[in-house]
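Have a look at the structure below before the remarks.
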Amino acid sequence: MALPDVRGRGTVTAPPGRSGADTDTPTGVFRFREYSIEPDLEPDAEPIAFTGQCAVCGRLGPTGEGGGHLTGWMLAHLRAHPEHLSYREIITRPYRAVPGRWR
């Protein structure tokens with residue numbers, strides 16, 4: 001069944017089994033939910049990872065848990081490149097979204 005479009009853009013066809021009078025009636029309700037972001041401390045969370053990076057050439061060292069391996073890589077890189085004197089520590093920490101109240 002074709003109905004005149006009250007917005008003046010042609011005709012609107014009602015879906016099968018629906019009358020033309022309610023074609024613009026919403027069929028669902030949208031609800032919004034608040035969330036907070038926090039570090040993921042759950043037992044199954046990814047581990048916190050540490051990576052060293054040379055600030056001169058951008059080369060990355062190995063990634064590992066705990067930062068103990070970083071200084072070894074930095075010193076080895078410094079021996080190979082004595083002019084590379086600046087380094088970064090990159091920490092990758094898992095976070096999670098925690099559902100809050102419905103609005």
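Labels used: A, B, ... for chains in the order of the structure tokens, numbers from 1 for residues in each chain, and numbers from 1 for ligands as shown.
Residues in contact with Ala76 in chain A at 12 Å, where only C-alpha atoms are counted and same-chain residues fewer than 4 positions away are skipped, are listed as A:Gly52, A:Cys54, A:Gly61, A:His69, A:Leu70, A:Thr71, A:Gly72, A:Ala80, A:His81, A:Pro82, A:His84, A:Leu85.
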Next, dump the selected residues to file, keeping only C-alpha atoms, as an mmCIF file, in the first residue's frame.
```cif
data_model
loop_
_atom_site.group_PDB
_atom_site.id
_atom_site.type_symbol
_atom_site.label_atom_id
_atom_site.label_comp_id
_atom_site.auth_asym_id
_atom_site.auth_seq_id
_atom_site.Cartn_x
_atom_site.Cartn_y
_atom_site.Cartn_z
ATOM 1 C CA GLY A 52 62.604 0.451 25.780
ATOM 2 C CA CYS A 54 66.038 4.764 21.618
ATOM 3 C CA GLY A 61 63.959 -3.086 22.448
ATOM 4 C CA HIS A 69 65.311 -6.159 30.917
ATOM 5 C CA LEU A 70 65.243 -2.535 29.693
ATOM 6 C CA THR A 71 68.576 -1.339 31.029
ATOM 7 C CA GLY A 72 70.374 -4.335 29.531
ATOM 8 C CA ALA A 80 76.621 -0.356 19.395
ATOM 9 C CA HIS A 81 75.733 3.342 18.938
ATOM 10 C CA PRO A 82 77.812 5.485 21.362
ATOM 11 C CA HIS A 84 72.650 7.489 21.155
ATOM 12 C CA LEU A 85 72.347 8.855 24.684
#
```
Item to complete: Mind checking which residues fall within 10 Å of Arg31 in chain A, counting only C-alpha atoms, ignoring those fewer than 3 positions away in the same chain, and posting them as a ChimeraX atom specification?
Response: /A:28,102-103
How would the residues just chosen look if you wrote them out with all heavy atoms as a short mmCIF file (atom, residue, chain, number, x, y, z; two decimals), in the first residue's frame?
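Resulting contents of selection.cif:
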```
data_model
loop_
_atom_site.label_atom_id
_atom_site.label_comp_id
_atom_site.auth_asym_id
_atom_site.auth_seq_id
_atom_site.Cartn_x
_atom_site.Cartn_y
_atom_site.Cartn_z
N GLY A 28 11.45 0.56 18.91
CA GLY A 28 12.34 0.21 20.01
C GLY A 28 12.59 1.42 20.89
O GLY A 28 12.26 2.54 20.54
N TRP A 102 22.17 3.17 34.28
CA TRP A 102 21.40 3.47 33.08
C TRP A 102 20.81 4.86 33.24
O TRP A 102 20.45 5.28 34.30
CB TRP A 102 20.26 2.48 32.89
CG TRP A 102 20.74 1.12 32.47
CD1 TRP A 102 20.96 0.06 33.28
CD2 TRP A 102 21.05 0.70 31.15
NE1 TRP A 102 21.40 -1.01 32.55
CE2 TRP A 102 21.46 -0.64 31.23
CE3 TRP A 102 21.03 1.31 29.92
CZ2 TRP A 102 21.84 -1.37 30.12
CZ3 TRP A 102 21.40 0.58 28.81
CH2 TRP A 102 21.79 -0.74 28.91
N ARG A 103 20.72 5.59 32.14
CA ARG A 103 20.09 6.91 32.17
C ARG A 103 18.79 6.88 31.43
O ARG A 103 18.52 6.07 30.63
CB ARG A 103 20.99 7.97 31.52
CG ARG A 103 22.27 8.10 32.29
CD ARG A 103 23.05 9.31 31.93
NE ARG A 103 23.60 9.27 30.59
CZ ARG A 103 23.80 10.34 29.85
NH1 ARG A 103 23.54 11.53 30.29
NH2 ARG A 103 24.33 10.24 28.66
#
```
Fill in: Counting only C-alpha atoms, the residue of A:Ile37, A:Ala55, A:Leu60, A:Val29 that sits nearest Val98 in chain A
A:Ile37
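Neighbours of Thr51 in chain A closer than or equal to 10 Å, with only C-alpha atoms counted and sequence neighbours fewer than 6 positions away skipped, come out as A:Leu60, A:Gly61, A:Pro62, A:Thr63, A:Gly64, A:Glu65, A:Gly66, A:Gly67, A:His69, A:Leu70, A:Trp73, A:Arg88, A:Glu89, A:Ile90, A:Ile91, A:Thr92.
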Now that the selection is made, can you save its residues with N, CA, C and O atoms as an mmCIF file, in the first residue's frame?
```
data_model
loop_
_atom_site.group_PDB
_atom_site.id
_atom_site.type_symbol
_atom_site.label_atom_id
_atom_site.label_comp_id
_atom_site.auth_asym_id
_atom_site.auth_seq_id
_atom_site.Cartn_x
_atom_site.Cartn_y
_atom_site.Cartn_z
ATOM 1 N N LEU A 60 63.168 -0.022 18.862
ATOM 2 C CA LEU A 60 62.530 -0.579 20.051
ATOM 3 C C LEU A 60 63.279 -1.803 20.541
ATOM 4 O O LEU A 60 63.709 -2.637 19.745
ATOM 5 N N GLY A 61 63.385 -1.902 21.844
ATOM 6 C CA GLY A 61 63.959 -3.086 22.448
ATOM 7 C C GLY A 61 62.880 -4.132 22.659
ATOM 8 O O GLY A 61 61.724 -3.945 22.279
ATOM 9 N N PRO A 62 63.212 -5.241 23.284
ATOM 10 C CA PRO A 62 62.224 -6.290 23.520
ATOM 11 C C PRO A 62 61.182 -5.853 24.549
ATOM 12 O O PRO A 62 61.469 -5.057 25.441
ATOM 13 N N THR A 63 59.979 -6.369 24.405
ATOM 14 C CA THR A 63 58.893 -6.096 25.346
ATOM 15 C C THR A 63 58.831 -7.230 26.350
ATOM 16 O O THR A 63 58.950 -8.395 25.992
ATOM 17 N N GLY A 64 58.648 -6.865 27.606
ATOM 18 C CA GLY A 64 58.563 -7.888 28.639
ATOM 19 C C GLY A 64 57.822 -7.372 29.857
ATOM 20 O O GLY A 64 57.518 -6.187 29.977
ATOM 21 N N GLU A 65 57.519 -8.299 30.761
ATOM 22 C CA GLU A 65 56.866 -7.936 32.018
ATOM 23 C C GLU A 65 57.940 -7.482 32.998
ATOM 24 O O GLU A 65 58.988 -8.105 33.100
ATOM 25 N N GLY A 66 57.674 -6.431 33.713
ATOM 26 C CA GLY A 66 58.695 -5.875 34.602
ATOM 27 C C GLY A 66 59.709 -5.110 33.773
ATOM 28 O O GLY A 66 59.872 -5.359 32.582
ATOM 29 N N GLY A 67 60.375 -4.160 34.361
ATOM 30 C CA GLY A 67 61.288 -3.327 33.583
ATOM 31 C C GLY A 67 62.742 -3.724 33.658
ATOM 32 O O GLY A 67 63.594 -3.028 33.120
ATOM 33 N N HIS A 69 64.616 -5.855 32.166
ATOM 34 C CA HIS A 69 65.311 -6.159 30.917
ATOM 35 C C HIS A 69 65.662 -4.890 30.131
ATOM 36 O O HIS A 69 66.477 -4.926 29.214
ATOM 37 N N LEU A 70 65.061 -3.757 30.485
ATOM 38 C CA LEU A 70 65.243 -2.535 29.693
ATOM 39 C C LEU A 70 66.672 -2.003 29.748
ATOM 40 O O LEU A 70 67.235 -1.638 28.712
ATOM 41 N N TRP A 73 69.094 -3.895 27.504
ATOM 42 C CA TRP A 73 68.965 -3.566 26.085
ATOM 43 C C TRP A 73 69.515 -2.173 25.796
ATOM 44 O O TRP A 73 70.218 -1.964 24.803
ATOM 45 N N ARG A 88 63.703 5.999 26.061
ATOM 46 C CA ARG A 88 62.360 6.083 26.631
ATOM 47 C C ARG A 88 61.952 4.719 27.176
ATOM 48 O O ARG A 88 62.362 3.688 26.663
ATOM 49 N N GLU A 89 61.087 4.774 28.166
ATOM 50 C CA GLU A 89 60.424 3.560 28.639
ATOM 51 C C GLU A 89 58.969 3.673 28.222
ATOM 52 O O GLU A 89 58.302 4.663 28.531
ATOM 53 N N ILE A 90 58.482 2.689 27.496
ATOM 54 C CA ILE A 90 57.078 2.664 27.063
ATOM 55 C C ILE A 90 56.361 1.608 27.892
ATOM 56 O O ILE A 90 56.745 0.437 27.887
ATOM 57 N N ILE A 91 55.326 2.046 28.607
ATOM 58 C CA ILE A 91 54.569 1.143 29.469
ATOM 59 C C ILE A 91 53.198 0.916 28.835
ATOM 60 O O ILE A 91 52.492 1.868 28.515
ATOM 61 N N THR A 92 52.843 -0.347 28.648
ATOM 62 C CA THR A 92 51.529 -0.708 28.120
ATOM 63 C C THR A 92 50.728 -1.315 29.259
ATOM 64 O O THR A 92 51.066 -2.380 29.773
#
```
Discussion item. My list of candidates is A:Ser86, A:Thr25, A:Arg101, A:Glu34. Which is closest to Gly58 in chain A when distances are computed with only C-alpha atoms?
Written reply: A:Ser86
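Residue nearest Gln53 in chain A within the list A:Pro99, A:Pro94, A:His77, A:Glu38: A:His77 [criterion: smallest interatomic distance, only C-alpha atoms].
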Item to complete: From range 34-84 of chain A, collect each residue whose DSSP state is alpha helix (DSSP H) and return the set as a list of chain:residue names.
Response: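 Listing alpha helix (DSSP H) positions across range 34-84 of chain A yields A:Gly68, A:His69, A:Leu70, A:Thr71, A:Gly72, A:Trp73, A:Met74, A:Leu75, A:Ala76, A:His77, A:Leu78, A:Arg79, A:Ala80.
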Item to complete: Compare A:Thr27, A:Gly68, A:Leu78, A:Ile48 by their minimum atom-to-atom distance to Arg93 in chain A, counting only C-alpha atoms, and give me the closest one.
Response: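 So, comparing all the options, the nearest one is A:Ile48.
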Worksheet entry | Minimum-distance residue to Arg96 in chain A, chosen among A:Pro39, A:Met74, A:Arg59, A:Phe30 (using only C-alpha atoms) |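 The closest residue to Arg96 in chain A is A:Pro39.
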